[in-house]
Amino acid sequence: MILAAASLAILVALTLGVIRALRGPTVFDRVLAANAIGTGAIMLLALIGFLAGRPEFLDIGILYALLNIIATLAVLKFFRYGDLSHPGGEEPGGP
Amino acid sequence: MVLLTLLAAITIGIIRMRNLFAVVVLGGIYSFLMASVMIVLDAVDVAMTEAAVGAGISTVLMLGVLHLTKTQESKPKHTPLLPLFVAVATGAALVFGTFDLPPFGLADTPVNLHVAPYYLENSLRETLVANVVSSVLASYRGFDTLGETAVIFTAGIAVLLLLKGKRKLKPGPKRRRIGR
């Protein structure tokens with residue numbers, strides 16, 4: 001019962017995230033919304049795992065978390081340097 | 001149901017958006033939502049693939065492509081009527097094809113009678129893999145999977161070579177800055 005209620009709450013959160021991603025005026029809003037939706041998907045995965053009596057879904061949730069952070073880091077690095085193979089470190093526009 | 005509504009909203013957003021950078025981000029969101037739908041449908045392995053390929057690798061690859069092209073989508077030069085007609089006709093044909101399918105989950109359909117019982121009964125004894133899907137993919141169809149992997153590996157090498165050639169033609173100082 002409490003798991004179902006939590007799942008519904010997470011669905012509402014996902015909806016809010018999608019609204020922000022669609023309306024967000026800047027790219028940062030969208031990136032943040034993407035990150036939040038990824039987190040929501042992880043929690044939904046875990047909750048459904050417990051609802052279905054298969055808590056080993058948590059392992060897949062860890063994989064989702066790794067993917068989420070890789071995607072977010074890639075987007076942000078691209079936004080900062082305009083290039084994924086940039087070594088990073090110095091300010092863009094330097095040598 | 002809610003997830004499917006969100007998927008539709010994201011799709012419409014992707015179509016209407018002109019900034020390709022935002023489209024890439026929305027594509028990642030779409031993949032995560034799609035993975036959630038797969039989980040609700042109890043297909044966890046497919047969901048894992050969707051999340052890994054759609055949200056992880058595709059986002060990174062699309063950003064790499066974006067680095068080589070412009071970040072604003074140009075206005076379409078032709079009317080969308082013919083593509084719309086082709087898409088609707090294909091969809092209608094596919095829906096028409098589903099009318100001949102047997103009811104979902106029926107036990108005595110051909111797909112459930114031919115090889116699936118054999119795999120279900122013998123795969124653990126023959127391959128010692130607990131997951132039946134994994135045993136079929138990696139053991140019974142091992143050469144098939146090996147071929148697919150070789151094809152993807154070759155494609156990756158080809159793309160890397162193409163990108164390397166492009167880099168040398170375009171020297172560094174002329175590189176555009178994106179997003180500012």
# chains A, B, ... in the order shown; residues from 1 in each chain; ligands from 1

$ select_by_dssp --residues "chain A" --states "helix (DSSP H, G or I)" --output "VMD selection string"
chain A and resid 2 to 23 27 to 51 57 to 81

$ interface_residues --of "chain A" --to "chain B" --cutoff "8 Å" --atoms "only C-alpha atoms" --output "PDB file with N, CA and C atoms, in the first residue's frame"
ATOM      1  N   LEU A  11       5.375   9.195  -9.829  1.00  0.00           N
ATOM      2  CA  LEU A  11       4.816   9.511 -11.145  1.00  0.00           C
ATOM      3  C   LEU A  11       4.480  10.995 -11.240  1.00  0.00           C
ATOM      4  N   THR A  15       6.046  13.718 -13.823  1.00  0.00           N
ATOM      5  CA  THR A  15       5.250  14.643 -14.628  1.00  0.00           C
ATOM      6  C   THR A  15       5.757  16.075 -14.491  1.00  0.00           C
ATOM      7  N   VAL A  18       8.911  16.484 -16.403  1.00  0.00           N
ATOM      8  CA  VAL A  18       8.695  16.577 -17.847  1.00  0.00           C
ATOM      9  C   VAL A  18       8.189  17.958 -18.224  1.00  0.00           C
ATOM     10  N   ALA A  21      11.082  20.170 -18.255  1.00  0.00           N
ATOM     11  CA  ALA A  21      11.959  19.908 -19.399  1.00  0.00           C
ATOM     12  C   ALA A  21      11.365  20.481 -20.677  1.00  0.00           C
ATOM     13  N   LEU A  22      10.047  20.459 -20.790  1.00  0.00           N
ATOM     14  CA  LEU A  22       9.438  20.967 -22.016  1.00  0.00           C
ATOM     15  C   LEU A  22       9.380  22.486 -22.021  1.00  0.00           C
ATOM     16  N   VAL A  27      18.913  25.860 -21.167  1.00  0.00           N
ATOM     17  CA  VAL A  27      19.334  24.468 -21.294  1.00  0.00           C
ATOM     18  C   VAL A  27      19.572  23.843 -19.925  1.00  0.00           C
ATOM     19  N   ARG A  30      16.675  22.158 -18.524  1.00  0.00           N
ATOM     20  CA  ARG A  30      16.386  20.867 -19.151  1.00  0.00           C
ATOM     21  C   ARG A  30      17.340  19.794 -18.646  1.00  0.00           C
ATOM     22  N   VAL A  31      18.635  20.173 -18.496  1.00  0.00           N
ATOM     23  CA  VAL A  31      19.592  19.189 -18.000  1.00  0.00           C
ATOM     24  C   VAL A  31      19.215  18.744 -16.594  1.00  0.00           C
ATOM     25  N   ALA A  34      16.300  16.501 -16.756  1.00  0.00           N
ATOM     26  CA  ALA A  34      16.688  15.166 -17.215  1.00  0.00           C
ATOM     27  C   ALA A  34      17.292  14.368 -16.072  1.00  0.00           C
ATOM     28  N   ILE A  37      14.543  13.353 -13.715  1.00  0.00           N
ATOM     29  CA  ILE A  37      13.715  12.274 -14.259  1.00  0.00           C
ATOM     30  C   ILE A  37      14.466  10.946 -14.195  1.00  0.00           C
ATOM     31  N   GLY A  38      15.776  11.000 -14.451  1.00  0.00           N
ATOM     32  CA  GLY A  38      16.566   9.774 -14.310  1.00  0.00           C
ATOM     33  C   GLY A  38      16.508   9.238 -12.891  1.00  0.00           C
ATOM     34  N   ALA A  41      13.214   7.711 -12.318  1.00  0.00           N
ATOM     35  CA  ALA A  41      13.115   6.381 -12.935  1.00  0.00           C
ATOM     36  C   ALA A  41      13.777   5.334 -12.060  1.00  0.00           C
ATOM     37  N   LEU A  44      11.471   4.645  -9.199  1.00  0.00           N
ATOM     38  CA  LEU A  44      10.326   3.870  -9.674  1.00  0.00           C
ATOM     39  C   LEU A  44      10.717   2.407  -9.875  1.00  0.00           C
ATOM     40  N   LEU A  45      11.923   2.218 -10.428  1.00  0.00           N
ATOM     41  CA  LEU A  45      12.424   0.854 -10.623  1.00  0.00           C
ATOM     42  C   LEU A  45      12.524   0.105  -9.302  1.00  0.00           C
ATOM     43  N   ILE A  48       8.985  -0.602  -7.897  1.00  0.00           N
ATOM     44  CA  ILE A  48       8.290  -1.671  -8.609  1.00  0.00           C
ATOM     45  C   ILE A  48       8.942  -3.008  -8.293  1.00  0.00           C
ATOM     46  N   ILE A  60      19.990  -3.148 -10.849  1.00  0.00           N
ATOM     47  CA  ILE A  60      19.789  -2.418 -12.100  1.00  0.00           C
ATOM     48  C   ILE A  60      19.659  -0.932 -11.820  1.00  0.00           C
ATOM     49  N   TYR A  64      21.491   2.302 -13.536  1.00  0.00           N
ATOM     50  CA  TYR A  64      20.812   3.502 -14.015  1.00  0.00           C
ATOM     51  C   TYR A  64      21.474   4.748 -13.451  1.00  0.00           C
ATOM     52  N   LEU A  67      24.582   5.508 -15.369  1.00  0.00           N
ATOM     53  CA  LEU A  67      24.282   6.055 -16.688  1.00  0.00           C
ATOM     54  C   LEU A  67      23.828   7.502 -16.590  1.00  0.00           C
ATOM     55  N   ASN A  68      23.001   7.741 -15.588  1.00  0.00           N
ATOM     56  CA  ASN A  68      22.460   9.081 -15.408  1.00  0.00           C
ATOM     57  C   ASN A  68      23.578  10.095 -15.220  1.00  0.00           C
ATOM     58  N   ILE A  70      26.696   9.776 -16.077  1.00  0.00           N
ATOM     59  CA  ILE A  70      27.530   9.906 -17.273  1.00  0.00           C
ATOM     60  C   ILE A  70      26.866  10.828 -18.283  1.00  0.00           C
ATOM     61  N   ALA A  71      25.561  10.646 -18.487  1.00  0.00           N
ATOM     62  CA  ALA A  71      24.863  11.491 -19.457  1.00  0.00           C
ATOM     63  C   ALA A  71      24.908  12.947 -19.024  1.00  0.00           C
ATOM     64  N   ALA A  74      28.355  14.370 -19.503  1.00  0.00           N
ATOM     65  CA  ALA A  74      28.673  14.591 -20.909  1.00  0.00           C
ATOM     66  C   ALA A  74      28.000  15.844 -21.421  1.00  0.00           C
ATOM     67  N   VAL A  75      26.729  16.009 -21.069  1.00  0.00           N
ATOM     68  CA  VAL A  75      26.015  17.202 -21.535  1.00  0.00           C
ATOM     69  C   VAL A  75      26.664  18.460 -20.997  1.00  0.00           C
ATOM     70  N   PHE A  78      30.039  19.133 -22.622  1.00  0.00           N
ATOM     71  CA  PHE A  78      29.848  19.658 -23.971  1.00  0.00           C
ATOM     72  C   PHE A  78      29.430  21.122 -23.920  1.00  0.00           C
ATOM     73  N   PHE A  79      28.573  21.432 -22.973  1.00  0.00           N
ATOM     74  CA  PHE A  79      28.087  22.804 -22.869  1.00  0.00           C
ATOM     75  C   PHE A  79      29.213  23.756 -22.498  1.00  0.00           C
ATOM     76  N   TYR A  81      32.686  23.231 -22.856  1.00  0.00           N
ATOM     77  CA  TYR A  81      33.837  23.300 -23.753  1.00  0.00           C
ATOM     78  C   TYR A  81      33.476  23.138 -25.213  1.00  0.00           C
ATOM     79  N   GLY A  82      32.246  22.726 -25.505  1.00  0.00           N
ATOM     80  CA  GLY A  82      31.873  22.516 -26.899  1.00  0.00           C
ATOM     81  C   GLY A  82      32.570  21.334 -27.525  1.00  0.00           C
ATOM     82  N   ASP A  83      33.138  20.455 -26.718  1.00  0.00           N
ATOM     83  CA  ASP A  83      33.893  19.333 -27.267  1.00  0.00           C
ATOM     84  C   ASP A  83      34.013  18.280 -26.179  1.00  0.00           C
ATOM     85  N   LEU A  84      33.685  17.045 -26.530  1.00  0.00           N
ATOM     86  CA  LEU A  84      33.728  16.005 -25.506  1.00  0.00           C
ATOM     87  C   LEU A  84      35.142  15.534 -25.217  1.00  0.00           C
TER      88      LEU A  84
END

$ atom_distance --atom1 "atom CA of Ser123 of chain B" --atom2 "atom CA of Val136 of chain B"
7.9 Å

$ atom_distance --atom1 "atom CA of Lys70 of chain B" --atom2 "atom CA of Gly17 of chain A"
27.2 Å

$ atom_distance --atom1 "atom CA of Leu3 of chain A" --atom2 "atom CA of Leu51 of chain A"
6.7 Å
